$ cat my_file-v7.cif   # mmCIF, C-alpha atoms
data_coords
#
loop_
_atom_site.label_atom_id
_atom_site.label_comp_id
_atom_site.auth_asym_id
_atom_site.auth_seq_id
_atom_site.Cartn_x
_atom_site.Cartn_y
_atom_site.Cartn_z
CA MET A 1 -138.20 111.44 -23.91
CA LEU A 2 -138.83 113.93 -21.14
CA PRO A 3 -137.23 117.38 -21.59
CA LEU A 4 -134.73 117.17 -18.70
CA LYS A 5 -133.62 113.58 -19.30
CA ASP A 6 -129.91 114.50 -19.63
CA ILE A 7 -129.83 116.79 -16.58
CA ARG A 8 -128.45 115.73 -13.20
CA VAL A 9 -129.64 117.57 -10.10
CA ILE A 10 -128.08 117.23 -6.64
CA GLU A 11 -130.63 118.07 -3.98
CA PHE A 12 -129.51 119.09 -0.47
CA THR A 13 -133.02 119.82 0.77
CA ASN A 14 -135.43 119.00 3.57
CA ILE A 15 -139.19 119.07 4.25
CA LEU A 16 -141.15 120.70 1.38
CA SER A 17 -140.11 123.69 -0.75
CA GLY A 18 -136.75 122.24 -1.85
CA PRO A 19 -137.99 118.66 -2.31
CA PHE A 20 -141.00 119.96 -4.26
CA CYS A 21 -138.65 121.85 -6.61
CA GLY A 22 -136.54 118.71 -7.03
CA MET A 23 -139.60 116.59 -7.74
CA LEU A 24 -140.78 118.99 -10.46
CA MET A 25 -137.46 118.53 -12.24
CA ALA A 26 -137.49 114.77 -11.63
CA ASP A 27 -140.97 114.60 -13.16
CA MET A 28 -139.51 116.25 -16.26
CA GLY A 29 -136.89 113.52 -16.55
CA ALA A 30 -133.93 114.85 -14.55
CA ASP A 31 -131.73 112.47 -12.57
CA VAL A 32 -132.35 113.93 -9.12
CA ILE A 33 -130.03 112.64 -6.41
CA LYS A 34 -131.41 113.44 -2.99
CA VAL A 35 -128.61 113.84 -0.45
CA GLU A 36 -130.03 113.12 3.00
CA LYS A 37 -128.57 113.31 6.47
CA PRO A 38 -127.94 109.91 8.10
CA ASN A 39 -131.41 109.79 9.67
CA GLY A 40 -133.07 111.15 6.53
CA ASP A 41 -135.27 114.05 5.49
CA ASP A 42 -137.41 115.15 8.46
CA MET A 43 -140.54 114.59 6.39
CA ARG A 44 -139.85 110.85 6.40
CA TYR A 45 -141.35 110.88 9.91
CA TRP A 46 -144.45 112.97 9.16
CA PRO A 47 -147.81 111.19 9.36
CA PRO A 48 -149.66 109.57 7.73
CA VAL A 49 -147.10 106.77 8.21
CA ARG A 50 -148.01 103.38 6.76
CA ASP A 51 -145.94 100.46 7.97
CA GLY A 52 -143.06 102.80 8.79
CA TYR A 53 -143.13 104.93 5.63
CA SER A 54 -144.51 108.47 5.36
CA GLU A 55 -146.97 109.17 2.56
CA ASN A 56 -146.25 112.88 3.02
CA PHE A 57 -142.62 112.20 2.13
CA ALA A 58 -143.68 110.00 -0.78
CA SER A 59 -145.86 112.78 -2.21
CA VAL A 60 -142.90 115.09 -2.96
CA ASN A 61 -140.01 112.70 -3.54
CA ARG A 62 -140.99 110.41 -6.42
CA ASN A 63 -138.64 109.84 -9.37
CA LYS A 64 -135.55 110.52 -7.21
CA ARG A 65 -132.56 108.54 -5.96
CA SER A 66 -131.50 108.74 -2.31
CA ILE A 67 -128.07 108.68 -0.73
CA ALA A 68 -127.48 109.18 3.00
CA MET A 69 -124.36 111.18 3.81
CA ASP A 70 -122.75 112.57 6.94
CA LEU A 71 -121.38 115.92 5.82
CA LYS A 72 -119.35 116.09 9.04
CA SER A 73 -117.33 113.21 7.64
CA GLU A 74 -114.46 114.33 5.40
CA ASP A 75 -114.96 111.33 3.10
CA ASP A 76 -118.65 112.05 2.61
CA LEU A 77 -117.98 115.76 2.22
CA LYS A 78 -115.46 114.99 -0.51
CA LEU A 79 -118.03 112.76 -2.20
CA ALA A 80 -120.65 115.51 -1.95
CA ARG A 81 -118.33 117.95 -3.73
CA LYS A 82 -117.68 115.37 -6.43
CA LEU A 83 -121.40 114.84 -6.87
CA CYS A 84 -121.89 118.57 -7.35
CA GLN A 85 -119.13 118.67 -9.96
CA SER A 86 -120.88 115.85 -11.86
CA ALA A 87 -124.19 117.71 -12.07
CA GLN A 88 -125.68 120.59 -14.00
CA VAL A 89 -127.80 121.76 -11.06
CA VAL A 90 -127.48 121.94 -7.27
CA VAL A 91 -130.53 122.79 -5.14
CA GLU A 92 -130.24 123.54 -1.42
CA ASN A 93 -132.56 124.94 1.21
CA ASN A 94 -130.28 125.37 4.20
CA ARG A 95 -129.93 128.60 6.13
CA PRO A 96 -127.51 131.02 4.47
CA GLY A 97 -123.89 130.23 5.32
CA VAL A 98 -124.32 126.51 6.01
CA MET A 99 -123.27 125.33 2.55
CA GLU A 100 -120.41 127.83 2.45
CA ARG A 101 -118.98 126.48 5.70
CA LEU A 102 -119.01 123.00 4.18
CA GLY A 103 -117.23 124.14 1.05
CA LEU A 104 -120.40 123.44 -0.92
CA GLY A 105 -121.41 127.04 -1.59
CA TYR A 106 -121.74 128.46 -5.09
CA GLU A 107 -118.50 130.44 -5.07
CA ALA A 108 -116.46 127.39 -4.07
CA LEU A 109 -118.10 125.04 -6.56
CA LYS A 110 -118.08 127.36 -9.57
CA GLU A 111 -114.27 127.63 -9.54
CA LYS A 112 -114.07 124.14 -11.03
CA HIS A 113 -117.57 124.12 -12.53
CA PRO A 114 -118.37 127.54 -14.08
CA SER A 115 -121.49 126.25 -15.86
CA LEU A 116 -123.09 125.06 -12.62
CA ILE A 117 -126.60 126.29 -11.83
CA TYR A 118 -126.89 126.65 -8.07
CA CYS A 119 -130.31 127.32 -6.57
CA SER A 120 -130.70 128.42 -2.94
CA ILE A 121 -134.18 128.21 -1.44
CA ASN A 122 -134.68 129.98 1.87
CA ALA A 123 -137.21 131.83 3.98
CA PHE A 124 -136.19 135.46 3.50
CA GLY A 125 -133.28 135.52 1.05
CA SER A 126 -129.57 134.70 0.92
CA ASP A 127 -128.61 138.17 2.13
CA GLY A 128 -130.22 141.10 3.89
CA PRO A 129 -131.38 141.83 7.45
CA TYR A 130 -133.59 138.74 7.75
CA ALA A 131 -131.37 136.31 5.82
CA HIS A 132 -130.42 134.22 8.85
CA ARG A 133 -133.94 133.87 10.19
CA GLY A 134 -135.77 130.61 9.70
CA GLY A 135 -139.31 130.57 8.47
CA PHE A 136 -141.93 127.90 8.07
CA ASP A 137 -144.93 128.27 5.77
CA LEU A 138 -147.14 129.80 8.47
CA VAL A 139 -144.58 132.49 9.33
CA ILE A 140 -144.13 133.43 5.67
CA GLN A 141 -147.87 133.52 4.97
CA ALA A 142 -148.13 136.00 7.82
CA ALA A 143 -145.08 138.09 6.88
CA SER A 144 -145.97 138.29 3.18
CA GLY A 145 -149.42 139.80 3.73
CA MET A 146 -151.21 136.66 2.55
CA MET A 147 -153.01 136.08 5.84
CA SER A 148 -154.29 139.65 5.87
CA VAL A 149 -156.57 138.85 2.91
CA THR A 150 -157.48 135.25 3.79
CA GLY A 151 -160.62 134.32 5.69
CA GLU A 152 -163.60 136.36 6.82
CA THR A 153 -162.67 138.25 10.00
CA ASP A 154 -159.96 136.42 11.94
CA PRO A 155 -156.52 135.76 10.40
CA VAL A 156 -156.54 132.46 8.52
CA LYS A 157 -153.73 130.73 6.67
CA CYS A 158 -154.32 129.01 3.38
CA GLY A 159 -155.11 125.34 4.02
CA VAL A 160 -152.45 124.33 1.49
CA PRO A 161 -148.78 125.23 2.32
CA ILE A 162 -148.83 127.69 -0.53
CA SER A 163 -145.66 129.61 0.42
CA ASP A 164 -143.64 126.40 0.33
CA VAL A 165 -144.98 125.13 -2.97
CA ALA A 166 -144.95 128.52 -4.71
CA THR A 167 -141.27 128.89 -3.82
CA GLY A 168 -140.55 125.44 -5.26
CA LEU A 169 -142.38 126.39 -8.45
CA TYR A 170 -140.46 129.66 -8.84
CA ALA A 171 -137.19 127.83 -8.21
CA ALA A 172 -137.89 125.11 -10.78
CA PHE A 173 -138.90 127.67 -13.39
CA ALA A 174 -135.77 129.73 -12.74
CA ILE A 175 -133.59 126.63 -13.08
CA ALA A 176 -135.24 125.74 -16.39
CA ALA A 177 -134.57 129.26 -17.64
CA ALA A 178 -130.96 129.13 -16.45
CA LEU A 179 -130.41 125.81 -18.25
CA ARG A 180 -131.28 127.59 -21.49
CA GLU A 181 -128.81 130.38 -20.64
CA VAL A 182 -126.06 127.84 -20.00
CA GLU A 183 -126.70 126.34 -23.43
CA VAL A 184 -126.13 129.75 -25.01
CA THR A 185 -123.29 131.18 -22.89
CA GLY A 186 -121.79 128.26 -20.99
CA GLN A 187 -122.03 130.35 -17.83
CA GLY A 188 -123.87 129.15 -14.73
CA THR A 189 -125.51 131.26 -12.06
CA HIS A 190 -126.60 131.42 -8.44
CA ILE A 191 -130.39 131.56 -8.15
CA ASP A 192 -131.78 132.94 -4.90
CA THR A 193 -135.42 132.01 -4.27
CA SER A 194 -137.05 133.09 -1.04
CA MET A 195 -140.39 132.04 0.39
CA LEU A 196 -141.13 135.66 1.26
CA GLY A 197 -140.47 136.84 -2.29
CA ALA A 198 -142.42 133.99 -3.90
CA SER A 199 -145.40 134.54 -1.62
CA MET A 200 -145.51 138.22 -2.47
CA GLY A 201 -144.87 137.51 -6.15
CA ILE A 202 -148.05 135.47 -6.48
CA ALA A 203 -150.03 138.27 -4.78
CA ALA A 204 -149.68 140.54 -7.81
CA LEU A 205 -153.33 141.65 -7.81
CA GLN A 206 -153.50 142.49 -4.11
CA ILE A 207 -150.17 144.33 -4.14
CA SER A 208 -151.08 146.31 -7.27
CA GLU A 209 -154.26 147.37 -5.49
CA PHE A 210 -152.16 148.83 -2.69
CA PHE A 211 -149.86 150.62 -5.15
CA ALA A 212 -152.87 152.11 -6.94
CA THR A 213 -154.97 153.14 -3.93
CA GLY A 214 -152.66 153.23 -0.93
CA THR A 215 -155.11 151.04 0.96
CA ASN A 216 -154.81 147.43 2.07
CA ALA A 217 -157.10 144.84 0.49
CA PRO A 218 -159.67 143.56 3.02
CA ARG A 219 -160.50 139.97 3.92
CA MET A 220 -163.42 138.95 1.74
CA GLY A 221 -163.75 135.22 2.26
CA SER A 222 -164.83 133.67 -1.04
CA ARG A 223 -165.92 137.03 -2.46
CA HIS A 224 -164.04 139.09 -5.06
CA PRO A 225 -163.15 142.79 -4.74
CA ARG A 226 -163.95 143.56 -8.37
CA ASN A 227 -166.57 141.01 -9.46
CA ALA A 228 -170.04 139.92 -8.37
CA PRO A 229 -171.81 137.58 -8.13
CA TYR A 230 -168.50 135.76 -7.60
CA GLN A 231 -168.43 133.74 -4.38
CA ALA A 232 -169.78 130.73 -2.50
CA PHE A 233 -173.58 130.70 -2.20
CA ARG A 234 -175.87 128.58 -0.03
CA ALA A 235 -178.42 126.41 -1.82
CA SER A 236 -181.11 124.34 -0.11
CA ASP A 237 -178.68 121.57 0.87
CA GLY A 238 -175.25 123.21 1.00
CA TYR A 239 -172.85 125.50 -0.79
CA PHE A 240 -171.72 125.90 -4.37
CA VAL A 241 -169.63 128.55 -6.10
CA LEU A 242 -170.73 130.85 -8.89
CA ALA A 243 -168.42 133.11 -10.90
CA ALA A 244 -170.47 135.43 -13.09
CA GLY A 245 -167.61 137.78 -13.83
CA ASN A 246 -169.00 139.91 -16.66
CA ASP A 247 -172.23 141.58 -17.81
CA LYS A 248 -173.36 138.72 -20.04
CA LEU A 249 -172.89 136.14 -17.32
CA PHE A 250 -174.72 138.32 -14.81
CA ASN A 251 -177.64 138.67 -17.20
CA ASP A 252 -177.63 134.88 -17.66
CA VAL A 253 -177.81 134.40 -13.88
CA CYS A 254 -180.72 136.82 -13.62
CA ARG A 255 -182.55 134.97 -16.38
CA LEU A 256 -181.90 131.52 -14.93
CA VAL A 257 -183.14 132.45 -11.44
CA ASP A 258 -186.12 134.23 -13.01
CA ARG A 259 -185.05 137.62 -11.69
CA LEU A 260 -184.51 139.66 -14.85
CA ASP A 261 -185.53 142.72 -12.84
CA LEU A 262 -182.12 142.63 -11.15
CA ALA A 263 -180.37 143.21 -14.47
CA ASP A 264 -182.28 146.46 -14.90
CA LEU A 265 -181.35 147.95 -11.53
CA PRO A 266 -178.83 150.81 -11.80
CA GLU A 267 -176.81 149.57 -8.81
CA TYR A 268 -176.00 146.39 -10.79
CA ALA A 269 -175.42 148.00 -14.17
CA THR A 270 -171.66 147.33 -14.32
CA THR A 271 -169.17 144.88 -12.86
CA THR A 272 -167.76 147.63 -10.64
CA LEU A 273 -171.19 148.56 -9.28
CA ARG A 274 -172.11 144.94 -8.66
CA ALA A 275 -168.89 144.46 -6.70
CA LYS A 276 -169.65 147.58 -4.68
CA ASN A 277 -173.15 146.35 -3.86
CA GLN A 278 -172.42 142.65 -3.69
CA ALA A 279 -173.59 142.07 -0.12
CA VAL A 280 -177.18 143.02 -0.94
CA LEU A 281 -176.98 141.21 -4.28
CA ALA A 282 -175.82 138.03 -2.56
CA GLU A 283 -178.68 138.17 -0.05
CA THR A 284 -181.17 138.57 -2.88
CA LEU A 285 -179.74 135.72 -4.92
CA GLU A 286 -179.56 133.33 -1.95
CA VAL A 287 -183.33 133.65 -1.54
CA GLU A 288 -183.62 132.15 -5.02
CA PHE A 289 -180.83 129.63 -4.54
CA ALA A 290 -182.58 128.24 -1.44
CA LYS A 291 -185.32 126.90 -3.73
CA LYS A 292 -183.08 124.21 -5.27
CA THR A 293 -180.14 121.98 -4.35
CA ALA A 294 -176.54 122.84 -5.13
CA MET A 295 -176.42 120.14 -7.81
CA ASP A 296 -179.61 121.51 -9.38
CA TRP A 297 -178.01 124.94 -9.71
CA ILE A 298 -174.74 123.51 -10.99
CA LYS A 299 -176.63 121.74 -13.78
CA ILE A 300 -178.70 124.83 -14.58
CA PHE A 301 -175.75 127.20 -14.66
CA GLY A 302 -173.32 124.70 -16.15
CA ASP A 303 -175.64 123.91 -19.06
CA ALA A 304 -175.92 127.64 -19.73
CA GLY A 305 -172.15 128.19 -19.70
CA VAL A 306 -172.02 130.09 -16.41
CA PRO A 307 -168.87 129.07 -14.44
CA CYS A 308 -169.90 127.23 -11.27
CA GLY A 309 -169.03 124.19 -9.19
CA LEU A 310 -169.29 122.25 -5.96
CA ILE A 311 -166.89 122.91 -3.10
CA ASN A 312 -165.21 119.53 -3.22
CA SER A 313 -163.46 117.59 -0.51
CA TYR A 314 -160.21 116.02 -1.71
CA GLU A 315 -162.02 112.69 -1.87
CA ARG A 316 -164.52 114.15 -4.31
CA ALA A 317 -161.92 116.22 -6.21
CA LEU A 318 -159.78 113.14 -6.86
CA SER A 319 -162.77 111.39 -8.47
CA HIS A 320 -163.62 114.42 -10.62
CA PRO A 321 -164.23 113.28 -14.23
CA GLN A 322 -161.57 115.66 -15.55
CA VAL A 323 -158.99 114.37 -13.06
CA GLU A 324 -159.73 110.80 -14.14
CA HIS A 325 -159.59 111.73 -17.83
CA SER A 326 -156.22 113.48 -17.45
CA GLY A 327 -154.58 110.51 -15.75
CA TRP A 328 -153.14 112.58 -12.94
CA VAL A 329 -153.73 110.00 -10.20
CA GLN A 330 -151.22 107.20 -10.62
CA PRO A 331 -150.40 104.04 -8.67
CA MET A 332 -147.29 104.05 -6.51
CA THR A 333 -145.54 101.46 -4.36
CA LEU A 334 -143.82 102.55 -1.16
CA PRO A 335 -140.40 101.01 -0.39
CA ASN A 336 -142.04 98.77 2.20
CA GLY A 337 -144.27 97.24 -0.48
CA VAL A 338 -147.44 99.13 0.47
CA GLU A 339 -149.53 99.98 -2.59
CA THR A 340 -150.84 103.54 -2.66
CA LYS A 341 -151.56 106.33 -5.11
CA THR A 342 -150.05 109.71 -5.86
CA PHE A 343 -151.15 112.83 -7.69
CA GLY A 344 -148.56 112.95 -10.45
CA SER A 345 -147.39 115.90 -12.49
CA PRO A 346 -150.38 117.90 -13.80
CA VAL A 347 -148.33 118.79 -16.90
CA ARG A 348 -149.09 116.75 -20.01
CA PHE A 349 -147.00 116.59 -23.18
CA ASN A 350 -149.03 115.88 -26.31
CA LEU A 351 -151.99 115.33 -23.97
CA GLU A 352 -150.27 112.32 -22.38
CA PRO A 353 -149.80 112.06 -18.58
CA THR A 354 -146.25 112.55 -17.31
CA PRO A 355 -145.30 109.12 -15.92
CA VAL A 356 -144.13 108.26 -12.44
CA ARG A 357 -140.89 106.60 -13.51
CA SER A 358 -139.75 105.44 -10.09
CA ASN A 359 -141.29 105.21 -6.65
CA PRO A 360 -140.06 107.40 -3.77
CA PRO A 361 -136.82 105.95 -2.42
CA GLU A 362 -136.07 104.34 0.88
CA LEU A 363 -133.38 106.23 2.78
CA ASN A 364 -130.02 105.53 1.11
CA ALA A 365 -131.68 103.13 -1.34
CA ASP A 366 -129.28 104.23 -4.09
CA GLY A 367 -126.25 104.98 -1.95
CA ASP A 368 -124.09 102.09 -3.16
CA GLU A 369 -125.02 102.72 -6.78
CA ILE A 370 -124.24 106.44 -6.56
CA ARG A 371 -120.94 105.87 -4.75
CA ALA A 372 -119.93 103.38 -7.44
CA GLU A 373 -120.81 105.92 -10.15
CA MET A 374 -118.73 108.57 -8.45
CA ALA A 375 -115.78 106.18 -8.11
CA LYS A 376 -115.74 105.93 -11.91
CA SER A 377 -116.51 109.61 -12.51
CA LYS A 378 -113.87 112.03 -13.74
CA ALA A 379 -115.47 114.84 -11.73
CA VAL A 380 -113.11 116.27 -9.11
#
$ encode --input "my_file-v7.cif" --output "structure tokens"
Amino acid sequence: MLPLKDIRVIEFTNILSGPFCGMLMADMGADVIKVEKPNGDDMRYWPPVRDGYSENFASVNRNKRSIAMDLKSEDDLKLARKLCQSAQVVVENNRPGVMERLGLGYEALKEKHPSLIYCSINAFGSDGPYAHRGGFDLVIQAASGMMSVTGETDPVKCGVPISDVATGLYAAFAIAAALREVEVTGQGTHIDTSMLGASMGIAALQISEFFATGTNAPRMGSRHPRNAPYQAFRASDGYFVLAAGNDKLFNDVCRLVDRLDLADLPEYATTTLRAKNQAVLAETLEVEFAKKTAMDWIKIFGDAGVPCGLINSYERALSHPQVEHSGWVQPMTLPNGVETKTFGSPVRFNLEPTPVRSNPPELNADGDEIRAEMAKSKAV
């Protein structure tokens, strides 16, 4: 009884942002039909490949059905239009104009299907001076300002393709909101979701700082512009993070490292002053942190309620007790029979894990089934 169980989504997407959006809806119960070109989504060939099947592809395409179609073929193009008419939602991440030339754009489809929700995912937007430019995650991280605040001195991109996934998240949320609007008014809409806009949208704090001061936020590594001590610190055997983001927590840190004198210094009297003087504060604290291991400090601070933690590898993060408790890691079988695992939806309903209902599909695995459904469908 997942919330989107009666919703059909037709997905004309490739690589990451569009497939991620589709997977979010599939996780919530939607019947997501992935329309692929004859040789498949490009991510099907991305390593790691196990016995001919990409685990990268598998990670963002679970709970979907696949049909391979040649949209240069009039018969397949006709079928694609019929599929769109049978659905509540269409998601596409082609360059602007491609779907229109195929007769699969929003304006063409809504004539016969006014309640259709049509979501376009693109690099810069469906219109405007950069609309026809392509953009991968790296390009958008650079253009959006994200790389100007990431790292220590040299420009560094986020290690996770955050522009891609943030765009998919915005798109899925917008579609969910539009489904509610259709229930009320019966009128569909064209949602335009750009990677540039999504990447700047999640930078609300950094952009508001520019609006307020007229200055660009600097690169600060793991540090925080308005809080301290709030960063990665070196212990005797490696790093850990500590986030003492208010006066009480700072006083707790001073007590636990046996440096209550720091709490009395005027330069550390407020959060703002600590942030201003955080370089010297960090040097002082690291002298104390060098006396114990990272795990020692995590136990000391954790037991006292001071937010802290190890800097985990993914191997260690996946075995985190909270991850195991929440049931987020689930078994999955690739179409070639290889047994693997996937990180499922992190959303839980009534504290129960959202299930992986079906494994990622082999290319065109559901083509015959979908064509048979459309042969019986009254959609035109």
$ resolve_selection --input "my_file-v7.cif" --expression "the PyMOL selection byres ((chain A and resi 354) around 9)" --output "list in words"
Leu2, Asp27, Met28, Gly327, Trp328, Gly344, Ser345, Pro346, Val347, Arg348, Phe349, Glu352, Pro353, Pro355, Val356 and Arg357 of chain A
$ closest_residue --input "my_file-v7.cif" --among "A:Leu104, A:Met195, A:Leu318, A:Ala294" --to "Phe240 in chain A" --atoms "only C-alpha atoms"
A:Ala294
$ closest_residue --input "my_file-v7.cif" --among "A:Arg81, A:Val90, A:Glu288, A:Arg50" --to "Glu339 in chain A" --atoms "all atoms listed in the file"
A:Arg50
$ residues_around --input "my_file-v7.cif" --residues "range 113-122 of chain A" --least-positions-apart "2" --cutoff "7 Å" --atoms "only C-alpha atoms" --output "list in words"
Gly18, Gln85, Gln88, Val89, Val90, Val91, Glu92, Asn93, Asn94, Arg95, Tyr106, Leu109, Lys110, Glu111, Phe124, Gly125, Ala178, Val182, Gly186, Gln187, Gly188, Thr189, His190, Ile191, Asp192, Thr193, Ser194 and Met195 of chain A
$ write_last_selection --input "my_file-v7.cif" --atoms "C-alpha atoms" --output "CSV table (one decimal), in the frame of the given file"
chain,number,residue,atom,x,y,z
A,18,GLY,CA,-136.8,122.2,-1.8
A,85,GLN,CA,-119.1,118.7,-10.0
A,88,GLN,CA,-125.7,120.6,-14.0
A,89,VAL,CA,-127.8,121.8,-11.1
A,90,VAL,CA,-127.5,121.9,-7.3
A,91,VAL,CA,-130.5,122.8,-5.1
A,92,GLU,CA,-130.2,123.5,-1.4
A,93,ASN,CA,-132.6,124.9,1.2
A,94,ASN,CA,-130.3,125.4,4.2
A,95,ARG,CA,-129.9,128.6,6.1
A,106,TYR,CA,-121.7,128.5,-5.1
A,109,LEU,CA,-118.1,125.0,-6.6
A,110,LYS,CA,-118.1,127.4,-9.6
A,111,GLU,CA,-114.3,127.6,-9.5
A,124,PHE,CA,-136.2,135.5,3.5
A,125,GLY,CA,-133.3,135.5,1.0
A,178,ALA,CA,-131.0,129.1,-16.4
A,182,VAL,CA,-126.1,127.8,-20.0
A,186,GLY,CA,-121.8,128.3,-21.0
A,187,GLN,CA,-122.0,130.4,-17.8
A,188,GLY,CA,-123.9,129.2,-14.7
A,189,THR,CA,-125.5,131.3,-12.1
A,190,HIS,CA,-126.6,131.4,-8.4
A,191,ILE,CA,-130.4,131.6,-8.2
A,192,ASP,CA,-131.8,132.9,-4.9
A,193,THR,CA,-135.4,132.0,-4.3
A,194,SER,CA,-137.0,133.1,-1.0
A,195,MET,CA,-140.4,132.0,0.4
$ resolve_selection --input "my_file-v7.cif" --expression "the PyMOL selection byres ((chain A and resi 358) around 9)" --output "list in words"
Arg62, Asn63, Lys64, Arg65, Met332, Pro355, Val356, Arg357, Asn359, Pro360 and Pro361 of chain A
$ atom_distance --input "my_file-v7.cif" --atom1 "CA of Pro307 in chain A" --atom2 "CA of Tyr230 in chain A"
9.6 Å
$ resolve_selection --input "my_file-v7.cif" --expression "the PyMOL selection byres ((chain A and resi 10) around 8)" --output "list in words"
Arg8, Val9, Glu11, Phe12, Val32, Ile33, Lys34, Val35, Leu83, Cys84, Ala87, Val89, Val90 and Val91 of chain A
$ decode --input "my_file-v7.cif" --residues "range 190-256 of chain A" --atoms "C-alpha atoms" --output "tab-separated table (two decimals), in the first residue's frame"
chain	number	residue	atom	x	y	z
A	190	HIS	CA	4.70	21.20	-17.37
A	191	ILE	CA	7.38	21.09	-14.68
A	192	ASP	CA	10.78	22.46	-15.63
A	193	THR	CA	13.60	21.30	-13.34
A	194	SER	CA	17.15	22.36	-14.13
A	195	MET	CA	20.37	21.12	-12.60
A	196	LEU	CA	21.60	24.70	-12.34
A	197	GLY	CA	18.49	25.82	-10.45
A	198	ALA	CA	18.46	22.80	-8.14
A	199	SER	CA	22.15	23.20	-7.32
A	200	MET	CA	21.66	26.84	-6.41
A	201	GLY	CA	18.43	26.07	-4.57
A	202	ILE	CA	20.19	23.80	-2.09
A	203	ALA	CA	22.83	26.51	-1.49
A	204	ALA	CA	20.35	28.71	0.37
A	205	LEU	CA	22.74	29.56	3.23
A	206	GLN	CA	25.68	30.49	1.01
A	207	ILE	CA	23.54	32.56	-1.36
A	208	SER	CA	21.80	34.37	1.51
A	209	GLU	CA	25.24	35.26	2.84
A	210	PHE	CA	26.04	36.95	-0.46
A	211	PHE	CA	22.72	38.82	-0.48
A	212	ALA	CA	23.35	40.04	3.07
A	213	THR	CA	27.01	41.02	2.79
A	214	GLY	CA	27.80	41.36	-0.90
A	215	THR	CA	30.79	39.05	-0.43
A	216	ASN	CA	31.35	35.51	-1.64
A	217	ALA	CA	31.58	32.72	0.94
A	218	PRO	CA	35.13	31.34	1.14
A	219	ARG	CA	36.28	27.73	0.93
A	220	MET	CA	36.49	26.44	4.48
A	221	GLY	CA	37.02	22.71	4.13
A	222	SER	CA	35.17	21.00	6.97
A	223	ARG	CA	34.87	24.23	8.96
A	224	HIS	CA	31.72	26.34	9.37
A	225	PRO	CA	31.47	30.10	8.76
A	226	ARG	CA	29.24	30.70	11.78
A	227	ASN	CA	30.06	27.93	14.28
A	228	ALA	CA	33.11	26.64	16.13
A	229	PRO	CA	34.39	24.19	17.14
A	230	TYR	CA	32.61	22.63	14.16
A	231	GLN	CA	34.97	20.71	11.87
A	232	ALA	CA	37.20	17.67	11.45
A	233	PHE	CA	39.90	17.39	14.13
A	234	ARG	CA	42.99	15.18	14.31
A	235	ALA	CA	43.23	12.79	17.25
A	236	SER	CA	46.23	10.58	18.03
A	237	ASP	CA	45.33	8.02	15.35
A	238	GLY	CA	43.24	9.90	12.78
A	239	TYR	CA	40.38	12.30	12.29
A	240	PHE	CA	36.93	12.66	13.78
A	241	VAL	CA	34.32	15.40	13.51
A	242	LEU	CA	32.96	17.53	16.32
A	243	ALA	CA	29.99	19.89	16.04
A	244	ALA	CA	29.70	21.99	19.19
A	245	GLY	CA	27.33	24.52	17.67
A	246	ASN	CA	26.13	26.46	20.71
A	247	ASP	CA	27.39	27.86	24.03
A	248	LYS	CA	26.36	24.86	26.12
A	249	LEU	CA	28.07	22.40	23.81
A	250	PHE	CA	31.22	24.53	23.73
A	251	ASN	CA	31.30	24.59	27.52
A	252	ASP	CA	30.85	20.81	27.53
A	253	VAL	CA	33.83	20.43	25.18
A	254	CYS	CA	35.98	22.65	27.40
A	255	ARG	CA	35.02	20.59	30.44
A	256	LEU	CA	35.62	17.23	28.76
